[in-house]
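**Student:** I am attaching a structure below and will ask some questions about it afterwards.
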Amino acid sequence: MSDHDHNHNGDGVSRRKVLECMTWAGTGVLWTISGGVPHSLGLVGSAQAAEAKGLTFLQISDSHVGFDKAANPNALGTLEEAIGKIKAMPVKPSFMIHTGDITHLSKASEFDDAERIISQARLDVHYIPGEHDFIDEEIKLYRERYGRGTKGSGWYSFDANGVHFIGLVNVVDMKAGGLGNLGAEQLAWLADDLKGRSSSQPIVVFAHIPLWSVYPTWGWGTEDGARALDLMKGFGSVTVLNGHIHQVMQKVEGNVTFHTARSTAFPQPAPGTAPSPGPMKVADDKLRTLLGTASIIFKPGEERLAIIDTPLQG
Amino acid sequence: MRFVNFRTAGIRLAVAVAMASQIAVAHCEEVSATIDNFTFEPAQLTVKVGTTVTWKNSDDIPHTVVSAGKFRSKALDTDDSYSFTFTSTGDYKYFCSLHPHMVGMIKVE
């Protein structure tokens with residue numbers, strides 16, 4: 001994939017073409033912002049990385065450190081493999097985002113193990129919590145480690161190379177029978193955070209549970225996600241990066257690209273294909289083909305969009 | 001306090017004894033529920049006052065059993081259990097605070 005701009009004037013890069021273009025078996029999503037426009041490079045090799053001007057960053061998700069059940073008895077090991085691939089990248093990304101479920105049970109030892117492995121990438125990591133990171137008795141371990149400088153239950157924003165990044169928390173105070181929840185306080189903060197920004201500034205929003213309704217029957221969506229998206233309607237480029245569902249999903253709706261990343265721990269079934277969304281046990285030699293993440297390539301003003309699978313293996 | 005009433009009103013005493021014996025019987029009741037495939041099973045249970053309900057999580061994912069303002073388990077890992085004894089009548093709706101689409105109800109009579 002020496003030129004990810006190919007097929008520029010066609011109907012967009014076909015999935016098959018994108019897969020052909022894949023030259024590496026990676027684990028994260030490498031994003032590059034050129035001229036304020038996010039592209040994904042899919043953690044490819046030097047030819048592609050050389051094109052990365054400006055900002056590049058990485059997304060990992062759902063490490064579930066501490067998980068040791070049949071679907072993957074060694075989730076820490078596969079996280080380590082993922083970080084190993086990141087360390088081996090020819091061009092160092094600017095930073096990494098982690099879209100939650102760092103740990104499986106919010107144990108101090110799990111947070112410590114995760115930190116020990118993830119820090120080996122030697123990148124700044126911007127975290128947001130998953131529901132598995134908030135289940136210690138006092139709900140303090142995540143906040144002690146990653147809550148500094150954040151608002152409310154852990155939301156925040158920052159700018160990097162002209163792109164505005166917003167980390168949201170939608171795993172707190174969920175209501176019976178409902179989905180993920182942002183809540184009034186966070187939405188008010190978001191409205192304020194976006195106020196006065198140029199509509200041409202690219203927005204990247206990341207949160208654990210998908211902000212869009214992927215499959216409400218399994219709780220895969222956010223009750224008030226649409227209200228957050230309403231606040232971004234005026235912006236020309238909005239990219240929503242989520243985890244939680246341990247598989248690639250994407251959707252484009254107007255100015256908004258939605259994308260969910262893979263887990264580094266265990267796969268979950270496609271919506272409705274199993275009795276429940278629980279961890280999916282697959283053959284040992286297939287596991288690593290379902291771990292890792294996936295990426296989106298897009299440019300403003302174009303409908304062109306592609307999914308690039310970047311599994312740990314295969 | 002009650003004993004004062006028992007002594008002062010024979011009828012009340014008789015009623016109270018009857019109630020107490022009923023409660024005593026109810027106290028012995030234990031009912032099991034499971035959490036399996038992100039579902040509380042059975043989703044609705046009818047029990048008598050004094051019954052202890054025990055939920056056991058059979059999933060590979062932690063769950064909680066939470067009834068707002070009434071009871072709240074910690075996160076239950078695989079094969080962990082949580083018990084709650086229902087001492088008053090009413091409808092107790094509950095859910096998993098981690099996976100809120102999981103809901104159940106205990107009717108206590």
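We name chains A, B, ... following the order of the structure tokens; residues begin at 1 in each chain, and ligands are numbered from 1 as shown.
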Could you pull the residues within 10 Å of segment 78-83 of chain B, counting only C-alpha atoms, minus those fewer than 4 positions along the same chain, as a VMD selection string?
**Tutor:** (chain A and resid 69) or (chain B and resid 30 to 35 52 to 65 71 to 74)
**Student:** Write out, as a tab-separated table, each residue of chain B that has an atom at most 7 Å from chain A, together with the closest pair of atoms and their distance in Å to one decimal, counting only C-alpha atoms, rows going by chain and rising number.
**Tutor:**
residue	atom	partner	partner_atom	distance
B:Asn37	CA	A:Ser276	CA	5.0
B:Phe38	CA	A:Ser276	CA	6.0
B:Asp60	CA	A:Lys69	CA	6.6
B:Ile61	CA	A:Gly278	CA	6.7
B:Ala75	CA	A:Ile135	CA	6.2
B:Phe95	CA	A:Ala176	CA	5.5
B:Ser97	CA	A:Met174	CA	6.4
B:Leu98	CA	A:Glu131	CA	6.0
B:His99	CA	A:Gly219	CA	6.6
B:Pro100	CA	A:Ala176	CA	4.9
B:His101	CA	A:Gly177	CA	4.3
B:Met102	CA	A:Gly177	CA	6.5
B:Val103	CA	A:Gly177	CA	6.2
**Student:** Check the smallest atom-to-atom distance from each of B:Phe84, B:Val108, B:Val66, B:Thr89 to Phe40 of chain B using only C-alpha atoms, then report the winner.
**Tutor:**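 Once distances to Phe40 of chain B are computed over only C-alpha atoms, the minimum belongs to B:Val66.
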**Student:** Need to verify the contact set: Ser63 of chain A, 8 Å, only C-alpha atoms, exclusion of same-chain residues closer than 4 positions in sequence. Can you return it as a ChimeraX atom specification?
**Tutor:** /A:75-76,79,100-104,114,263-265
**Student:** Restricting the output to C-alpha atoms, write the selected residues as a short mmCIF file (atom, residue, chain, number, x, y, z; two decimals), in the first residue's frame.
**Tutor:**
data_model
loop_
_atom_site.label_atom_id
_atom_site.label_comp_id
_atom_site.auth_asym_id
_atom_site.auth_seq_id
_atom_site.Cartn_x
_atom_site.Cartn_y
_atom_site.Cartn_z
CA ALA A 75 -5.19 -11.66 27.87
CA LEU A 76 -2.07 -10.03 29.32
CA LEU A 79 -1.79 -7.22 25.07
CA GLY A 100 -11.51 1.47 27.93
CA ASP A 101 -11.78 -1.88 29.69
CA ILE A 102 -8.12 -1.68 30.51
CA THR A 103 -8.76 -4.27 33.22
CA HIS A 104 -11.28 -7.06 33.61
CA ALA A 114 -1.68 -3.10 32.23
CA SER A 263 -10.07 -5.94 21.60
CA THR A 264 -6.61 -7.21 22.41
CA ALA A 265 -8.14 -9.78 24.79
#
**Student:** So which residues touch segment 120-129 of chain A within 8 Å, counting only C-alpha atoms, skipping near sequence neighbours fewer than 6 positions away, as a list in words?
**Tutor:**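 So, after excluding close chain neighbours, the residues are Ile83, Gly84, Ile86, Lys87, Pro93, Ser94, Phe95, Met96, Ile97, His98, Thr99, Gly100, Asp101, Ile102, Tyr142, Tyr146, Gly154, Trp155, Gly167, Leu168, Val169, Val171, Phe206, Ala207 and His208 of chain A.
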**Student:** Could you please take those selected residues and save C-alpha atoms as a PDB file, in the first residue's frame?
**Tutor:**
ATOM      1  CA  ILE A  83       2.415  -3.514  22.390  1.00  0.00           C
ATOM      2  CA  GLY A  84       5.353  -5.395  20.903  1.00  0.00           C
ATOM      3  CA  ILE A  86       3.599  -0.973  18.357  1.00  0.00           C
ATOM      4  CA  LYS A  87       7.152  -0.801  19.670  1.00  0.00           C
ATOM      5  CA  PRO A  93       3.111   7.691  16.659  1.00  0.00           C
ATOM      6  CA  SER A  94       2.588  10.897  18.631  1.00  0.00           C
ATOM      7  CA  PHE A  95       0.426   9.204  21.227  1.00  0.00           C
ATOM      8  CA  MET A  96      -2.067   6.447  21.871  1.00  0.00           C
ATOM      9  CA  ILE A  97      -5.690   6.423  22.976  1.00  0.00           C
ATOM     10  CA  HIS A  98      -7.123   3.554  24.972  1.00  0.00           C
ATOM     11  CA  THR A  99     -10.887   3.261  24.675  1.00  0.00           C
ATOM     12  CA  GLY A 100     -11.512   1.466  27.934  1.00  0.00           C
ATOM     13  CA  ASP A 101     -11.782  -1.876  29.693  1.00  0.00           C
ATOM     14  CA  ILE A 102      -8.123  -1.682  30.506  1.00  0.00           C
ATOM     15  CA  TYR A 142      -8.965   4.145  37.637  1.00  0.00           C
ATOM     16  CA  TYR A 146      -5.920   8.245  34.942  1.00  0.00           C
ATOM     17  CA  GLY A 154     -13.236  11.233  33.783  1.00  0.00           C
ATOM     18  CA  TRP A 155     -14.078  13.171  30.621  1.00  0.00           C
ATOM     19  CA  GLY A 167     -12.717  11.699  25.591  1.00  0.00           C
ATOM     20  CA  LEU A 168     -16.188  10.886  26.930  1.00  0.00           C
ATOM     21  CA  VAL A 169     -17.335   8.537  29.698  1.00  0.00           C
ATOM     22  CA  VAL A 171     -20.207   3.760  31.532  1.00  0.00           C
ATOM     23  CA  PHE A 206     -13.612   8.640  21.785  1.00  0.00           C
ATOM     24  CA  ALA A 207     -15.674   6.726  24.342  1.00  0.00           C
ATOM     25  CA  HIS A 208     -15.931   3.124  25.449  1.00  0.00           C
TER      26      HIS A 208
END
**Student:** Using backbone DSSP assignments, extract all strand (DSSP E) residues from segment 69-177 of chain A; output them as a tab-separated table (two decimals) with N, CA and C atoms, in the first residue's frame.
**Tutor:**
chain	number	residue	atom	x	y	z
A	95	PHE	N	1.00	9.68	19.97
A	95	PHE	CA	0.43	9.20	21.23
A	95	PHE	C	-0.55	8.07	20.94
A	96	MET	N	-1.14	7.56	21.99
A	96	MET	CA	-2.07	6.45	21.87
A	96	MET	C	-3.34	6.82	22.63
A	97	ILE	N	-4.49	6.35	22.15
A	97	ILE	CA	-5.69	6.42	22.98
A	97	ILE	C	-6.10	4.99	23.33
A	98	HIS	N	-6.61	4.85	24.54
A	98	HIS	CA	-7.12	3.55	24.97
A	98	HIS	C	-8.61	3.75	25.27
A	124	ASP	N	2.65	8.56	25.10
A	124	ASP	CA	1.60	9.11	25.96
A	124	ASP	C	0.32	8.35	25.64
A	125	VAL	N	-0.42	8.02	26.68
A	125	VAL	CA	-1.68	7.31	26.46
A	125	VAL	C	-2.83	8.12	27.05
A	126	HIS	N	-3.83	8.39	26.23
A	126	HIS	CA	-5.02	9.08	26.69
A	126	HIS	C	-6.11	8.02	26.91
A	127	TYR	N	-6.46	7.85	28.17
A	127	TYR	CA	-7.41	6.80	28.53
A	127	TYR	C	-8.81	7.35	28.72
A	156	TYR	N	-12.69	14.64	29.28
A	156	TYR	CA	-11.72	15.71	29.04
A	156	TYR	C	-11.59	15.93	27.55
A	157	SER	N	-10.89	16.98	27.20
A	157	SER	CA	-10.57	17.21	25.78
A	157	SER	C	-9.17	17.78	25.68
A	158	PHE	N	-8.61	17.68	24.52
A	158	PHE	CA	-7.28	18.27	24.28
A	158	PHE	C	-7.13	18.49	22.78
A	159	ASP	N	-6.18	19.31	22.44
A	159	ASP	CA	-5.91	19.58	21.03
A	159	ASP	C	-4.54	19.03	20.66
A	160	ALA	N	-4.46	18.53	19.46
A	160	ALA	CA	-3.17	18.07	18.95
A	160	ALA	C	-3.13	18.34	17.45
A	163	VAL	N	-6.28	19.24	15.60
A	163	VAL	CA	-7.44	18.36	15.78
A	163	VAL	C	-7.91	18.46	17.24
A	164	HIS	N	-9.21	18.50	17.41
A	164	HIS	CA	-9.75	18.55	18.77
A	164	HIS	C	-10.20	17.15	19.19
A	165	PHE	N	-9.60	16.65	20.26
A	165	PHE	CA	-9.91	15.31	20.77
A	165	PHE	C	-10.79	15.44	22.00
A	166	ILE	N	-11.83	14.61	22.05
A	166	ILE	CA	-12.76	14.63	23.19
A	166	ILE	C	-12.92	13.21	23.71
A	167	GLY	N	-12.53	13.00	24.95
A	167	GLY	CA	-12.72	11.70	25.59
A	167	GLY	C	-13.96	11.73	26.48
**Student:** When distances are computed from only C-alpha atoms, which of B:Phe86, B:Tyr94, B:Leu45, B:Gly50 shows the smallest separation from Ile106 of chain B?
**Tutor:**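 For Ile106 of chain B, the nearest of the candidates is B:Leu45.
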**Student:** One number please: atom CA of Ile118 of chain A to atom CA of Leu312 of chain A, in Å, one decimal.
**Tutor:** 15.7 Å
